[in-house]
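Novice: Handing you this structure, nothing more for now.
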Amino acid sequence: MSDTLSASSIDHLARLGLNTNEAKALDALIALGPVGASDVHRFAEIPRNKAYESLEKLAARGIVEVQKGRPTLYRAIGAKGVIDHLLESYEKEAKQALSVLEKKQEEQTRESETDSDGTEAYAWMVRGEQGVKRRLAELIYSAKSDFFSIGGYPPKYLLAVRSALKAASQRGVKVRPVSMVRPTLTFSDLSPEDEKSIIEYRTIKGLQTLESRMQPHDEKIIAGFRGTAGVGGMVIIDEEIAFDILDSGNDPRKVSGLVIKAPGIPTIQKATAERILSLYTRKI
C-alpha cells in the first residue's frame with residue numbers, strides 16, 4: 001500500500017489489539033465505505049480468504065456491520081466508534097490481565113515469605129532514566145520508617161519524585177534526601193527556595209578544614225563525593241535496601257539503577273555516608 005497515512009493508521013490499529021490483516025481490512029472499510037470481501041482483498045492487498053476471515057472477526061467484535069447478499073457487504077461503524085470500541089476492549093483486557101498477574105504475584109510473594117529465613121539477598125538492574133525514576137518512586141512509597149539518599153547536583157531524580165518524598169514524610173517516614181553541590185557553583189542562583197524544603201543541599205568544606213580533620217581512610221570517599229557530583233546517587237530504604245543510580249549525564253537510555261538487598265550492608269553504607277557528611281560537608 002502506497003498511502004503513508006493509511007500505513008500509519010494500520011500501525012496504530014495494530015497497537016490497539018488488531019492483527020495486521022484485521023487492521024488492513026478495517027482501514028480499507030474506512031477508506032472505501034460498504035464493500036465486499038473482494039474489494040477489501042484488492043485494496044488492502046491481503047489474500048482473499050484472509051480478507052473474509054478478518055472481516056468476519058471484526059464483525060464478531062462489533063466493529064463492522066454486515067449486510068447479507070450477493071455479495072455480502074461490510075461497513076465499519078465509523079472511525080470514532082471503532083476507536084471507542086477498541087479502547088473499551090483494550091481497557092477491559094488490561095484490567096483482566098492485571099487481575100491475573102496480581103494473583104500470581106501474590107502467590108509468589110506468599111511462597112517467598114514462607115521459604116525465606118529472613119536473610120534473602122538479591123540485586124536487580126533497572127535500565128533507562130524513566131525506569132529508574134519510576135523504581136525510585138516505588139521504593140519511596142514502600143518505605144516504612146527511613147529514607148536516606150545522597151547524590152549530585154542538580155538532583156533531577158529527587159525532584160522527579162518530590163511528591164513521593166512529601167507523602168512519605170507526612171506518613172511518618174524519616175526522610176533525608178541530600179544533594180551535594182560542587183564548591184565552584186553559585187548555588188543561590190541555581191536552586192529555587194521551594195526545593196530546599198524537600199532536599200538538603202550540602203557542599204564540601206574548605207580544603208584547609210578537610211586536610212586538618214580528614215582521616216586517611218576517608219580520602220577516597222571524599223574523592224568519590226567530588227567525582228559523583230552531578231550524576232545519579234545512592235538511596236537507602238529502611239536501612240535494608242540500597243538503590244544505586246548510575247547516570248553519566250550523556251544518554252537517558254544508558255542510565256541504570258541497581259536495587260540491592262544484602263543484610264547489613266545498607267546500614268553500613270548509610271552510617272558511613274552520614275559520618276562523612278557530618279565531618280566534611282556543610283549545609284547550604
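Identifiers for the C-alpha cells are assigned positionally: chains receive A, B, ... in sequence, residues are indexed from 1 per chain, and ligands are indexed from 1 in the order shown.
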Give me the segment 52-101 of chain A side of the contact with segment 33-48 of chain A, cut-off 12 Å, one line per residue showing its nearest atom pair and distance in Å at one decimal, counting only C-alpha atoms, sorted by chain and residue number, as a tab-separated table.

Specialist:
```
residue	atom	partner	partner_atom	distance
A:Tyr52	CA	A:Ala37	CA	5.4
A:Glu53	CA	A:Arg48	CA	8.6
A:Ser54	CA	A:Ala37	CA	9.3
A:Leu55	CA	A:Ala37	CA	7.5
A:Glu56	CA	A:Ala37	CA	9.7
A:Val64	CA	A:Pro34	CA	9.9
A:Glu65	CA	A:Pro34	CA	9.1
A:Val66	CA	A:Pro34	CA	9.0
A:Gln67	CA	A:Pro34	CA	9.1
A:Lys68	CA	A:Gly36	CA	10.2
A:Gly69	CA	A:Gly36	CA	9.8
A:Arg70	CA	A:Gly36	CA	9.0
A:Pro71	CA	A:Gly36	CA	6.1
A:Thr72	CA	A:Gly36	CA	5.8
A:Leu73	CA	A:Gly36	CA	4.6
A:Tyr74	CA	A:Pro34	CA	5.3
A:Arg75	CA	A:Pro34	CA	4.4
A:Ala76	CA	A:Gly33	CA	7.5
A:Ile77	CA	A:Gly33	CA	10.0
A:Gly78	CA	A:Gly33	CA	9.6
A:Ala79	CA	A:Gly33	CA	11.3
```

Novice: Between A:Glu239, A:Asp11, A:Glu200, A:Glu88, which one has atoms that come closest to Asp27 of chain A, using only C-alpha atoms?

Specialist: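 Closest residue, counting only C-alpha atoms: A:Asp11.
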
Novice: I need the residues of segment 68-169 of chain A that end up classed as alpha helix (DSSP H) by DSSP on the backbone, written out as number ranges by chain.

Specialist: A: 79-115, 129-142, 156-160, 162-169

Novice: Calculated over only C-alpha atoms, which of the candidates A:Val82, A:Leu16, A:Pro177, A:Asn49 has the smallest distance to Leu29 of chain A?

Specialist: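 Residue with the minimum atom-to-atom distance to Leu29 of chain A: A:Val82.
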
Novice: Which residues are close to Gly128 of chain A, i.e. within 7 Å by only C-alpha atoms, leaving aside same-chain residues fewer than 4 positions away? Reply as an MDAnalysis selection string.

Specialist: chainID A and resid 132 252:256

Novice: If we count only C-alpha atoms, what is near Ile241 of chain A at a cut-off of 9 Å, once residues fewer than 5 positions away on the same chain are taken out, given as a list in words?

Specialist: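 After dropping sequence-adjacent residues, the list is Leu139, Val235, Ile236, Val259, Ile260, Lys261, Ala262, Pro263, Ile265, Pro266 and Thr267 of chain A.
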